Amino acid sequence: MPSSDGSAPRHLVSIDDLTNDEILKLFEVADRIRADRRQVSRLAQGSIVASLFYEPSTRTRLSFESAMQRLGGGVISAADMRASSAAKGESLADTVRVVGAYADVIVIRHPKEGAAKVAQRYAKVPVVNAGDGSHEHPTQTLCDLYSLRVEKGGIEGLDVVLCGDLKYSRTIHSFAFALARFGANLVCAPQPGFELPSYVVHRLRHEYRVEPHSVEVKDLETVAPQMDAMYFTPERPHQLSLFTDIREVNVKKFDALYVTRPQRERYTEAERSVAAPYFRVDRAALSGAKFRDTVVLHPLPRIDELSYDLDEDPRSIYFEQAARGVPVRMAVLGFLLGLFELGTAPPAPRSPIRLRTRGGIECGNSNCVTHAERQYLSPEYHLVSREPLLIRCAFCDHEQQVPLLGCSSTRHFHFASSAEVARIKPEHLVLFASEHQAQSAGYVAAGTRSSANRE
Amino acid sequence: MPSSDGSAPRHLVSIDDLTNDEILKLFEVADRIRADRRQVSRLAQGSIVASLFYEPSTRTRLSFESAMQRLGGGVISAADMRASSAAKGESLADTVRVVGAYADVIVIRHPKEGAAKVAQRYAKVPVVNAGDGSHEHPTQTLCDLYSLRVEKGGIEGLDVVLCGDLKYSRTIHSFAFALARFGANLVCAPQPGFELPSYVVHRLRHEYRVEPHSVEVKDLETVAPQMDAMYFTPERPHQLSLFTDIREVNVKKFDALYVTRPQRERYTEAERSVAAPYFRVDRAALSGAKFRDTVVLHPLPRIDELSYDLDEDPRSIYFEQAARGVPVRMAVLGFLLGLFELGTAPPAPRSPIRLRTRGGIECGNSNCVTHAERQYLSPEYHLVSREPLLIRCAFCDHEQQVPLLGCSSTRHFHFASSAEVARIKPEHLVLFASEHQAQSAGYVAAGTRSSANRE
Amino acid sequence: MPSSDGSAPRHLVSIDDLTNDEILKLFEVADRIRADRRQVSRLAQGSIVASLFYEPSTRTRLSFESAMQRLGGGVISAADMRASSAAKGESLADTVRVVGAYADVIVIRHPKEGAAKVAQRYAKVPVVNAGDGSHEHPTQTLCDLYSLRVEKGGIEGLDVVLCGDLKYSRTIHSFAFALARFGANLVCAPQPGFELPSYVVHRLRHEYRVEPHSVEVKDLETVAPQMDAMYFTPERPHQLSLFTDIREVNVKKFDALYVTRPQRERYTEAERSVAAPYFRVDRAALSGAKFRDTVVLHPLPRIDELSYDLDEDPRSIYFEQAARGVPVRMAVLGFLLGLFELGTAPPAPRSPIRLRTRGGIECGNSNCVTHAERQYLSPEYHLVSREPLLIRCAFCDHEQQVPLLGCSSTRHFHFASSAEVARIKPEHLVLFASEHQAQSAGYVAAGTRSSANRE
């Protein structure tokens, strides 16, 4: 919400939009709400949340709408945006500009990755990302972290197993980053073929200084035996287990097991046709000593990967986890609406190296929002690293390699393998899709000038 | 709502979940609400109803949502559940467990019969059945009864004609049971081929002690002449007219005529193809002396079975009947939320004879929820009678005959025709689908032991 | 809302349901709401609006629902009526009678023209037309007028260009009438083939005394050059420019440019196949001196007809225009609910000459609601003029010529060309579809009696 001093509204598009301190303070607010809901039951009176759901979702939508009403606020709800504005061909930017004028906060779910970031740019009110494709779903992450904290008293140093489709589950990606931020250890137990994407691994390693290690097969055998055998064969080098610190690799016990469903709606045709039967966690799988105090989480809905025989098990907390979504979202909405003071500093403004682009280099993620909204949206990239020469989409966070970079000062362009790439000043970096484009823009290959002189 | 003393929440899944006294008290509450709505306009402040509609319904959903807001409460609404959670393959049990944590009461409509009973088992909050297939729709029944009571000053002893599709209309079934409970007389005037199902007739006869009688053709001739001619031919023995007591069969006047639309969406292919033109009640049909004070009810929507020329007739109360749905549902929601004290005792716990099942005997109703939710739900049956050997599905109330019963004490099984079936103690009853299954479970046919001895 | 003295509720089905004074008073209410929203934040507490949307619309629906909640009222919302009641075959009249009992005001959008007028007839609560086919959308018109007034300080004497699909845009039609009522001047710049329909031109000329004039090509060249060349060729006599008064035809500057999207969903097959590329207004098009102070309006959603490069231009007010929809609709809802006193007289009862019809003359508009709801709705017509002999549908306002009229006093019928048509007294006018029908009803052709006498 534009605060009274005219400053820009806060958003929750990525979990990175909140500092660790802010997250912990929001959890304290959620604690207080759970202890006595009535004290906040009129706090948001006169405020309205707009639910804009371009993908159906009962759970998430109802959870937000319940949260807003538990705060005394109102709701305007579009459960099936595909059928209305979007069907008339309206752009996402226009929709959020208009609906942002009807409400005090927007909650958006969209199939395109990066869509919530587009909404944030154009709306004049706070935007909450309720899921953008396989990208992020930060309030889910907050609910997950909050449940861990409630059950285990804290997050730091916990050993958490991530289990299932680690490739397409946005829940898993956001949760992995968040666990890393709070100093928990991660063990990855992916469905074969659905390992953590390399950009997630890259970010864990480089932004959160998480180092991957192997774990012994025995450690996970009881979780999902049919999966582990494959898990550590040397032929599958991408299957990683990640630990945050210098702790022993051989974990004595697992604090939490986070299970996810197969995100079949996002599978490629190839994945759909060859996918092995998905594993199934049941009571028997958790009978080992290492799982004695393991809480079982699941973002729901489950399909078959979590047996109903676990429902009555005291270690199963997935329904409590879902229930806690309401107080957590009450805290988030109240905070974004300016109704709670957290007393903490906002995140320091991040200043990634933004690349000027010349010529149409496109995001390599076909599900990125920049393709769908190209009518008004230009691709934007940040520089991830110079060696390898990697850029990241400013909308969907997809990383891709580029063949060359230009320097706007020397008007030279340099190939990725060149050592000179490292020497270009950030403010001079220019992105080209190809040598040809660089030349069309009047840039010459580094070292070419002398050869040109020679001619 | 779990009351403060921790007792289980009350539900309204079947009209049998309320005693007659409770119903009459709820009607008094509805009277007071109609007299002055403002006195309850903040009663439910801070409470939320969740509408879970797996079948579209504007009328019922909006009526509940209006009722909740007239009480000052909030609403979270899923008008098209098929498109969201259900499409992701989530089970009904999981959905109500999760959504039950977002709300204080759940209103559910579902195409599968028995679905609301499943919801009741898994939700931690009160569940209101807003229609489960052709099974029950108890708040509709309350509205119907309430309208009768408002118009006629009471229900006992009234002569009520049920007219139209008596086979698939859940409204009719619930209404028939309720009229019987309150001592009204029923006259059935079904569309040919759409008579009251036998299990409904059976229940009327055995639970409510309603005896079927024939009525003279002349009595109904004016209602729908083209239908009556067929109605009483001896070739159609299932077409019944039911009266609750020793009154004269020849009714002098009808107090109410309850008309229903053809439930074509539930017809079998055969019914769809051969169905005769549906009858039509119009002003002319109600011109006889017997209909002078007959109020005309209809659960709406109507198609063609009720002429528009009746709309202005003072006997037509179907729009008032619909309007009264709001105060009645306000009373129901307030009661289930624990906001009203009725000062009446709850129904005595019913203890039907629950059968242990060995081997997979399945409910014969293909639309029963047990088929759709078999992932976690086991069939359950109650014993209806030993002669004939009849069981009733604990979810959808469908009755079916079974060929044999076992006794867990003697390890014998007995065929339905055997006199020994009557002698098995309730706690020893075991259900088998076939002789083969009984034998596989180690049971022997009664009398076989001696023959085995002989060998 | 039926007021306490029992008078009929006010409706907003057509912009003509409000006087100019009332509109200006509503604008003052909207001004006060924008200045301080809190003063009305509990005004509608206890009242409920029902949104009945037979066509999807996020923007309009959410705008009304936001407005009602900003007033402290509740909402029951049916975003996809086609999927529920309508799918069960329920008539519009029945739906509004029932839903009208659940709510205090109904907002309806419907694809059939005249549908809101049907709703008005049957509902017991106020009805707001949120768009009926290509017919009217009066609150959009109020928002448009209000934005003009806010930006320009008033409406009278403004020069307003209407640009784009002037044929199917209900927004344009209502806006044109309203501008005429308030004394603004209209310049029409239609997409070729999508000129103002003749009945709109006719009404502008005859009801609002607006005289059409040509404007020089140069005046509009900068708006959409590719369009103007065609615009004034003599081969296209229907392309008109309309001015309300004796002002100079050559406009010095334009106060407002109102752009609309192509309403492709309403195109005929022929229009779909031959439609020229739609024009596009961009910054360059508005660079001329005449456009220096031109505010740019658009009802949104836009497709390609309005360039994104205009979004940051201070003349672009289309997002503000959308945002002002909330205070305007708050004023409208509050007024219809009887919560605001405007202190102005309601419109004088209009008494158009209503024609008695004998025989089934049908509305020539195939999208008129009378065709879809013929089960209970009879066509009704008003006499527009005797020369030419024109009638107007009482529901959709479509005008059509008729071949003859009868006189119930003389029992004669007269052909359209006859001078005697002008002499029939209004109360004696009778409508026939054909000579044959008139004769079947016992009418004879005027002048025939004497010839009959001669025989």
# chains A, B, ... in the order shown; residues from 1 in each chain; ligands from 1
>>> closest_atom_pairs(of="chain C", to="chain A", cutoff="7 Å", atoms="only C-alpha atoms", output="Markdown table")
| residue | atom | partner | partner_atom | distance |
| --- | --- | --- | --- | --- |
| C:Ser41 | CA | A:Gly46 | CA | 6.6 |
| C:Pro56 | CA | A:Ser84 | CA | 5.0 |
| C:Ser57 | CA | A:Ser84 | CA | 5.3 |
| C:Thr58 | CA | A:Ser84 | CA | 5.8 |
| C:Leu62 | CA | A:Ile76 | CA | 5.9 |
| C:Ser63 | CA | A:Tyr102 | CA | 6.1 |
| C:Glu65 | CA | A:Ile76 | CA | 6.4 |
| C:Ser66 | CA | A:Tyr102 | CA | 5.9 |
| C:Gln69 | CA | A:Gly74 | CA | 6.4 |
| C:Arg70 | CA | A:Gly46 | CA | 6.3 |
| C:Pro301 | CA | A:Glu90 | CA | 5.6 |
| C:Arg302 | CA | A:Glu90 | CA | 6.4 |
| C:Ile303 | CA | A:Gly89 | CA | 6.2 |
| C:Tyr308 | CA | A:Tyr376 | CA | 6.6 |
| C:Phe319 | CA | A:Val98 | CA | 6.3 |
| C:Ala322 | CA | A:Val98 | CA | 6.2 |
| C:Ala323 | CA | A:Ala101 | CA | 5.1 |
| C:Val326 | CA | A:Tyr102 | CA | 6.7 |
>>> write_last_selection(atoms="all heavy atoms", output="CSV table (one decimal), in the first residue's frame")
chain,number,residue,atom,x,y,z
C,41,SER,N,-18.3,4.2,4.9
C,41,SER,CA,-17.7,2.8,4.9
C,41,SER,C,-18.7,1.8,5.7
C,41,SER,O,-18.4,0.6,5.7
C,41,SER,CB,-16.3,2.8,5.5
C,41,SER,OG,-16.4,3.1,6.9
C,56,PRO,N,-19.0,-13.6,-18.9
C,56,PRO,CA,-17.9,-13.3,-17.9
C,56,PRO,C,-17.4,-11.8,-18.0
C,56,PRO,O,-17.4,-11.2,-19.1
C,56,PRO,CB,-16.8,-14.2,-18.4
C,56,PRO,CG,-17.1,-14.6,-19.8
C,56,PRO,CD,-18.6,-14.5,-19.9
C,57,SER,N,-17.1,-11.2,-16.9
C,57,SER,CA,-16.5,-9.9,-16.9
C,57,SER,C,-15.9,-9.7,-15.6
C,57,SER,O,-16.5,-9.7,-14.5
C,57,SER,CB,-17.6,-8.8,-17.1
C,57,SER,OG,-17.1,-7.6,-16.6
C,58,THR,N,-14.6,-9.6,-15.6
C,58,THR,CA,-13.9,-9.4,-14.3
C,58,THR,C,-14.0,-8.0,-13.9
C,58,THR,O,-14.4,-7.7,-12.7
C,58,THR,CB,-12.4,-9.7,-14.5
C,58,THR,OG1,-12.3,-11.0,-14.9
C,58,THR,CG2,-11.7,-9.6,-13.1
C,62,LEU,N,-16.0,-7.0,-10.5
C,62,LEU,CA,-15.2,-6.7,-9.3
C,62,LEU,C,-15.4,-5.2,-8.9
C,62,LEU,O,-15.3,-4.9,-7.8
C,62,LEU,CB,-13.7,-6.9,-9.6
C,62,LEU,CG,-13.3,-8.4,-9.9
C,62,LEU,CD1,-11.8,-8.5,-9.9
C,62,LEU,CD2,-13.9,-9.3,-8.8
C,63,SER,N,-15.6,-4.3,-9.9
C,63,SER,CA,-15.8,-2.9,-9.6
C,63,SER,C,-17.1,-2.7,-8.8
C,63,SER,O,-17.1,-2.0,-7.8
C,63,SER,CB,-15.9,-2.2,-10.9
C,63,SER,OG,-16.3,-0.8,-10.7
C,65,GLU,N,-18.5,-5.1,-6.9
C,65,GLU,CA,-18.4,-5.8,-5.7
C,65,GLU,C,-17.5,-5.0,-4.7
C,65,GLU,O,-17.7,-5.0,-3.5
C,65,GLU,CB,-17.9,-7.2,-5.9
C,65,GLU,CG,-19.0,-8.0,-6.7
C,65,GLU,CD,-18.6,-9.5,-7.0
C,65,GLU,OE1,-17.5,-9.9,-6.5
C,65,GLU,OE2,-19.4,-10.2,-7.7
C,66,SER,N,-16.5,-4.4,-5.3
C,66,SER,CA,-15.6,-3.5,-4.5
C,66,SER,C,-16.5,-2.3,-4.0
C,66,SER,O,-16.4,-2.0,-2.8
C,66,SER,CB,-14.5,-3.0,-5.3
C,66,SER,OG,-13.7,-2.0,-4.6
C,69,GLN,N,-18.7,-3.3,-1.1
C,69,GLN,CA,-18.0,-3.6,0.2
C,69,GLN,C,-17.4,-2.3,0.7
C,69,GLN,O,-17.3,-2.1,1.9
C,69,GLN,CB,-16.9,-4.6,-0.1
C,69,GLN,CG,-17.5,-6.0,-0.3
C,69,GLN,CD,-16.5,-7.1,-0.4
C,69,GLN,OE1,-16.1,-7.7,0.5
C,69,GLN,NE2,-16.2,-7.5,-1.7
C,70,ARG,N,-17.0,-1.4,-0.2
C,70,ARG,CA,-16.5,-0.1,0.3
C,70,ARG,C,-17.6,0.7,1.1
C,70,ARG,O,-17.4,1.6,1.9
C,70,ARG,CB,-16.0,0.8,-0.9
C,70,ARG,CG,-14.8,0.3,-1.6
C,70,ARG,CD,-13.5,0.7,-0.9
C,70,ARG,NE,-12.4,0.5,-1.8
C,70,ARG,CZ,-11.2,0.0,-1.3
C,70,ARG,NH1,-11.1,-0.5,-0.1
C,70,ARG,NH2,-10.2,-0.2,-2.1
C,301,PRO,N,-11.4,-3.5,-21.7
C,301,PRO,CA,-10.0,-3.7,-22.1
C,301,PRO,C,-9.6,-3.2,-23.5
C,301,PRO,O,-10.4,-3.2,-24.3
C,301,PRO,CB,-9.9,-5.2,-22.0
C,301,PRO,CG,-11.3,-5.7,-22.4
C,301,PRO,CD,-12.2,-4.7,-21.8
C,302,ARG,N,-8.4,-2.8,-23.6
C,302,ARG,CA,-7.9,-2.5,-24.9
C,302,ARG,C,-7.2,-3.7,-25.5
C,302,ARG,O,-6.8,-4.6,-24.8
C,302,ARG,CB,-6.8,-1.4,-24.8
C,302,ARG,CG,-5.6,-1.8,-24.1
C,302,ARG,CD,-4.5,-0.8,-24.2
C,302,ARG,NE,-3.6,-0.9,-23.0
C,302,ARG,CZ,-2.6,0.0,-22.8
C,302,ARG,NH1,-2.4,1.0,-23.6
C,302,ARG,NH2,-1.9,-0.1,-21.7
C,303,ILE,N,-7.2,-3.7,-26.8
C,303,ILE,CA,-6.4,-4.8,-27.5
C,303,ILE,C,-5.2,-4.1,-28.1
C,303,ILE,O,-4.2,-3.9,-27.4
C,303,ILE,CB,-7.2,-5.5,-28.5
C,303,ILE,CG1,-8.6,-5.9,-28.0
C,303,ILE,CG2,-6.5,-6.8,-29.0
C,303,ILE,CD1,-8.7,-6.8,-26.8
C,308,TYR,N,0.7,1.3,-26.1
C,308,TYR,CA,1.2,1.3,-24.7
C,308,TYR,C,2.1,2.6,-24.5
C,308,TYR,O,2.4,3.0,-23.4
C,308,TYR,CB,2.0,0.1,-24.4
C,308,TYR,CG,1.2,-1.1,-23.9
C,308,TYR,CD1,0.5,-1.9,-24.9
C,308,TYR,CD2,0.9,-1.3,-22.6
C,308,TYR,CE1,-0.3,-2.9,-24.5
C,308,TYR,CE2,0.1,-2.3,-22.2
C,308,TYR,CZ,-0.5,-3.1,-23.1
C,308,TYR,OH,-1.3,-4.2,-22.7
C,319,PHE,N,-6.8,4.8,-17.1
C,319,PHE,CA,-6.8,4.0,-15.9
C,319,PHE,C,-7.5,4.8,-14.7
C,319,PHE,O,-8.1,4.2,-13.9
C,319,PHE,CB,-5.3,3.7,-15.5
C,319,PHE,CG,-4.7,2.7,-16.5
C,319,PHE,CD1,-3.6,3.0,-17.3
C,319,PHE,CD2,-5.3,1.4,-16.7
C,319,PHE,CE1,-3.0,2.2,-18.2
C,319,PHE,CE2,-4.7,0.5,-17.6
C,319,PHE,CZ,-3.6,0.9,-18.3
C,322,ALA,N,-11.1,4.1,-15.1
C,322,ALA,CA,-11.5,2.8,-14.6
C,322,ALA,C,-11.6,2.9,-13.0
C,322,ALA,O,-12.5,2.4,-12.4
C,322,ALA,CB,-10.5,1.7,-15.0
C,323,ALA,N,-10.6,3.5,-12.4
C,323,ALA,CA,-10.6,3.6,-11.0
C,323,ALA,C,-11.8,4.4,-10.4
C,323,ALA,O,-12.3,4.0,-9.4
C,323,ALA,CB,-9.3,4.3,-10.5
C,326,VAL,N,-15.3,2.9,-9.2
C,326,VAL,CA,-15.7,2.5,-7.8
C,326,VAL,C,-16.5,3.6,-7.1
C,326,VAL,O,-17.7,3.3,-6.7
C,326,VAL,CB,-14.5,2.0,-7.0
C,326,VAL,CG1,-15.0,1.6,-5.6
C,326,VAL,CG2,-13.9,0.8,-7.6
>>> select_by_dssp(residues="segment 18-257 of chain B", states="alpha helix (DSSP H)", output="PyMOL selection string")
chain B and resi 20-35+58-70+92-99+115-122+138-152+170-181+198-206+217-221+225-231
>>> residues_around(residues="segment 404-420 of chain B", least_positions_apart="2", cutoff="9 Å", atoms="only C-alpha atoms", output="MDAnalysis selection string")
chainID B and resid 386:389 401:402 422:425 427:435 438:439 442:449
>>> write_last_selection(atoms="N, CA, C and O atoms", output="mmCIF file, in the first residue's frame")
data_model
loop_
_atom_site.group_PDB
_atom_site.id
_atom_site.type_symbol
_atom_site.label_atom_id
_atom_site.label_comp_id
_atom_site.auth_asym_id
_atom_site.auth_seq_id
_atom_site.Cartn_x
_atom_site.Cartn_y
_atom_site.Cartn_z
ATOM 1 N N ARG B 386 -33.823 -58.919 8.089
ATOM 2 C CA ARG B 386 -33.278 -60.259 7.845
ATOM 3 C C ARG B 386 -34.154 -61.028 6.859
ATOM 4 O O ARG B 386 -33.700 -61.963 6.227
ATOM 5 N N GLU B 387 -35.412 -60.602 6.766
ATOM 6 C CA GLU B 387 -36.290 -61.277 5.816
ATOM 7 C C GLU B 387 -37.174 -60.256 5.117
ATOM 8 O O GLU B 387 -38.130 -59.765 5.752
ATOM 9 N N PRO B 388 -36.891 -59.883 3.924
ATOM 10 C CA PRO B 388 -35.775 -60.325 3.083
ATOM 11 C C PRO B 388 -34.433 -59.841 3.640
ATOM 12 O O PRO B 388 -34.417 -58.870 4.400
ATOM 13 N N LEU B 389 -33.373 -60.479 3.235
ATOM 14 C CA LEU B 389 -32.046 -60.122 3.728
ATOM 15 C C LEU B 389 -31.564 -58.868 2.995
ATOM 16 O O LEU B 389 -31.120 -58.927 1.856
ATOM 17 N N GLN B 401 -30.139 -56.423 -1.711
ATOM 18 C CA GLN B 401 -30.274 -57.752 -1.141
ATOM 19 C C GLN B 401 -28.916 -58.431 -1.165
ATOM 20 O O GLN B 401 -28.102 -58.168 -2.045
ATOM 21 N N VAL B 402 -28.672 -59.288 -0.186
ATOM 22 C CA VAL B 402 -27.426 -60.055 -0.188
ATOM 23 C C VAL B 402 -27.781 -61.533 -0.114
ATOM 24 O O VAL B 402 -28.817 -61.910 0.451
ATOM 25 N N ALA B 422 -32.076 -65.329 11.098
ATOM 26 C CA ALA B 422 -32.731 -64.538 12.134
ATOM 27 C C ALA B 422 -32.105 -64.737 13.499
ATOM 28 O O ALA B 422 -32.292 -63.936 14.403
ATOM 29 N N ARG B 423 -31.354 -65.826 13.654
ATOM 30 C CA ARG B 423 -30.862 -66.154 15.000
ATOM 31 C C ARG B 423 -29.448 -65.656 15.285
ATOM 32 O O ARG B 423 -28.988 -65.751 16.408
ATOM 33 N N ILE B 424 -28.761 -65.152 14.250
ATOM 34 C CA ILE B 424 -27.392 -64.669 14.491
ATOM 35 C C ILE B 424 -27.452 -63.412 15.349
ATOM 36 O O ILE B 424 -28.262 -62.514 15.111
ATOM 37 N N LYS B 425 -26.609 -63.359 16.367
ATOM 38 C CA LYS B 425 -26.588 -62.165 17.206
ATOM 39 C C LYS B 425 -26.012 -60.992 16.407
ATOM 40 O O LYS B 425 -25.078 -61.178 15.620
ATOM 41 N N GLU B 427 -23.925 -58.701 16.964
ATOM 42 C CA GLU B 427 -22.475 -58.472 17.000
ATOM 43 C C GLU B 427 -21.682 -59.544 16.257
ATOM 44 O O GLU B 427 -20.489 -59.413 16.035
ATOM 45 N N HIS B 428 -22.368 -60.640 15.854
ATOM 46 C CA HIS B 428 -21.672 -61.709 15.136
ATOM 47 C C HIS B 428 -21.887 -61.670 13.623
ATOM 48 O O HIS B 428 -21.322 -62.482 12.891
ATOM 49 N N LEU B 429 -22.713 -60.748 13.167
ATOM 50 C CA LEU B 429 -23.047 -60.701 11.740
ATOM 51 C C LEU B 429 -21.830 -60.340 10.888
ATOM 52 O O LEU B 429 -21.118 -59.378 11.184
ATOM 53 N N VAL B 430 -21.601 -61.097 9.844
ATOM 54 C CA VAL B 430 -20.514 -60.808 8.905
ATOM 55 C C VAL B 430 -21.068 -60.895 7.484
ATOM 56 O O VAL B 430 -21.844 -61.797 7.165
ATOM 57 N N LEU B 431 -20.647 -59.925 6.671
ATOM 58 C CA LEU B 431 -21.192 -59.808 5.322
ATOM 59 C C LEU B 431 -20.210 -60.382 4.302
ATOM 60 O O LEU B 431 -19.021 -60.081 4.332
ATOM 61 N N PHE B 432 -20.723 -61.216 3.408
ATOM 62 C CA PHE B 432 -19.896 -61.727 2.314
ATOM 63 C C PHE B 432 -20.603 -61.454 0.985
ATOM 64 O O PHE B 432 -21.831 -61.434 0.921
ATOM 65 N N ALA B 433 -19.786 -61.284 -0.059
ATOM 66 C CA ALA B 433 -20.366 -61.034 -1.374
ATOM 67 C C ALA B 433 -20.810 -62.348 -2.023
ATOM 68 O O ALA B 433 -21.724 -62.369 -2.843
ATOM 69 N N SER B 434 -20.163 -63.454 -1.663
ATOM 70 C CA SER B 434 -20.470 -64.730 -2.324
ATOM 71 C C SER B 434 -20.043 -65.892 -1.428
ATOM 72 O O SER B 434 -19.263 -65.720 -0.476
ATOM 73 N N GLU B 435 -20.570 -67.032 -1.762
ATOM 74 C CA GLU B 435 -20.216 -68.269 -1.081
ATOM 75 C C GLU B 435 -18.691 -68.472 -1.123
ATOM 76 O O GLU B 435 -18.057 -68.845 -0.135
ATOM 77 N N ALA B 438 -16.917 -66.356 1.371
ATOM 78 C CA ALA B 438 -17.114 -66.865 2.733
ATOM 79 C C ALA B 438 -16.184 -68.035 2.991
ATOM 80 O O ALA B 438 -15.532 -68.131 4.043
ATOM 81 N N GLN B 439 -16.097 -68.905 2.014
ATOM 82 C CA GLN B 439 -15.229 -70.077 2.172
ATOM 83 C C GLN B 439 -13.758 -69.659 2.248
ATOM 84 O O GLN B 439 -12.994 -70.171 3.075
ATOM 85 N N GLY B 442 -12.670 -68.849 5.508
ATOM 86 C CA GLY B 442 -12.673 -69.932 6.478
ATOM 87 C C GLY B 442 -14.043 -70.244 7.073
ATOM 88 O O GLY B 442 -14.162 -70.927 8.084
ATOM 89 N N TYR B 443 -15.088 -69.719 6.425
ATOM 90 C CA TYR B 443 -16.443 -70.007 6.891
ATOM 91 C C TYR B 443 -16.988 -71.205 6.121
ATOM 92 O O TYR B 443 -16.646 -71.412 4.959
ATOM 93 N N VAL B 444 -17.822 -71.977 6.782
ATOM 94 C CA VAL B 444 -18.442 -73.110 6.097
ATOM 95 C C VAL B 444 -19.948 -72.910 6.048
ATOM 96 O O VAL B 444 -20.526 -72.208 6.891
ATOM 97 N N ALA B 445 -20.561 -73.470 5.035
ATOM 98 C CA ALA B 445 -22.016 -73.381 4.915
ATOM 99 C C ALA B 445 -22.654 -74.053 6.117
ATOM 100 O O ALA B 445 -22.195 -75.111 6.574
ATOM 101 N N ALA B 446 -23.706 -73.431 6.659
ATOM 102 C CA ALA B 446 -24.378 -74.005 7.823
ATOM 103 C C ALA B 446 -24.866 -75.404 7.459
ATOM 104 O O ALA B 446 -25.400 -75.620 6.357
ATOM 105 N N GLY B 447 -24.655 -76.398 8.374
ATOM 106 C CA GLY B 447 -25.066 -77.760 8.089
ATOM 107 C C GLY B 447 -24.017 -78.544 7.344
ATOM 108 O O GLY B 447 -24.125 -79.753 7.172
ATOM 109 N N THR B 448 -22.979 -77.855 6.885
ATOM 110 C CA THR B 448 -21.957 -78.556 6.108
ATOM 111 C C THR B 448 -21.037 -79.373 7.009
ATOM 112 O O THR B 448 -20.461 -80.377 6.598
ATOM 113 N N ARG B 449 -20.883 -78.903 8.244
ATOM 114 C CA ARG B 449 -19.919 -79.564 9.100
ATOM 115 C C ARG B 449 -20.215 -81.072 9.199
ATOM 116 O O ARG B 449 -19.339 -81.906 9.023
#
>>> atom_distance(atom1="atom CA of Thr139 of chain A", atom2="atom CA of Gly325 of chain A")
7.9 Å
>>> atom_distance(atom1="atom CA of Cys393 of chain B", atom2="atom CA of Tyr258 of chain B")
28.4 Å
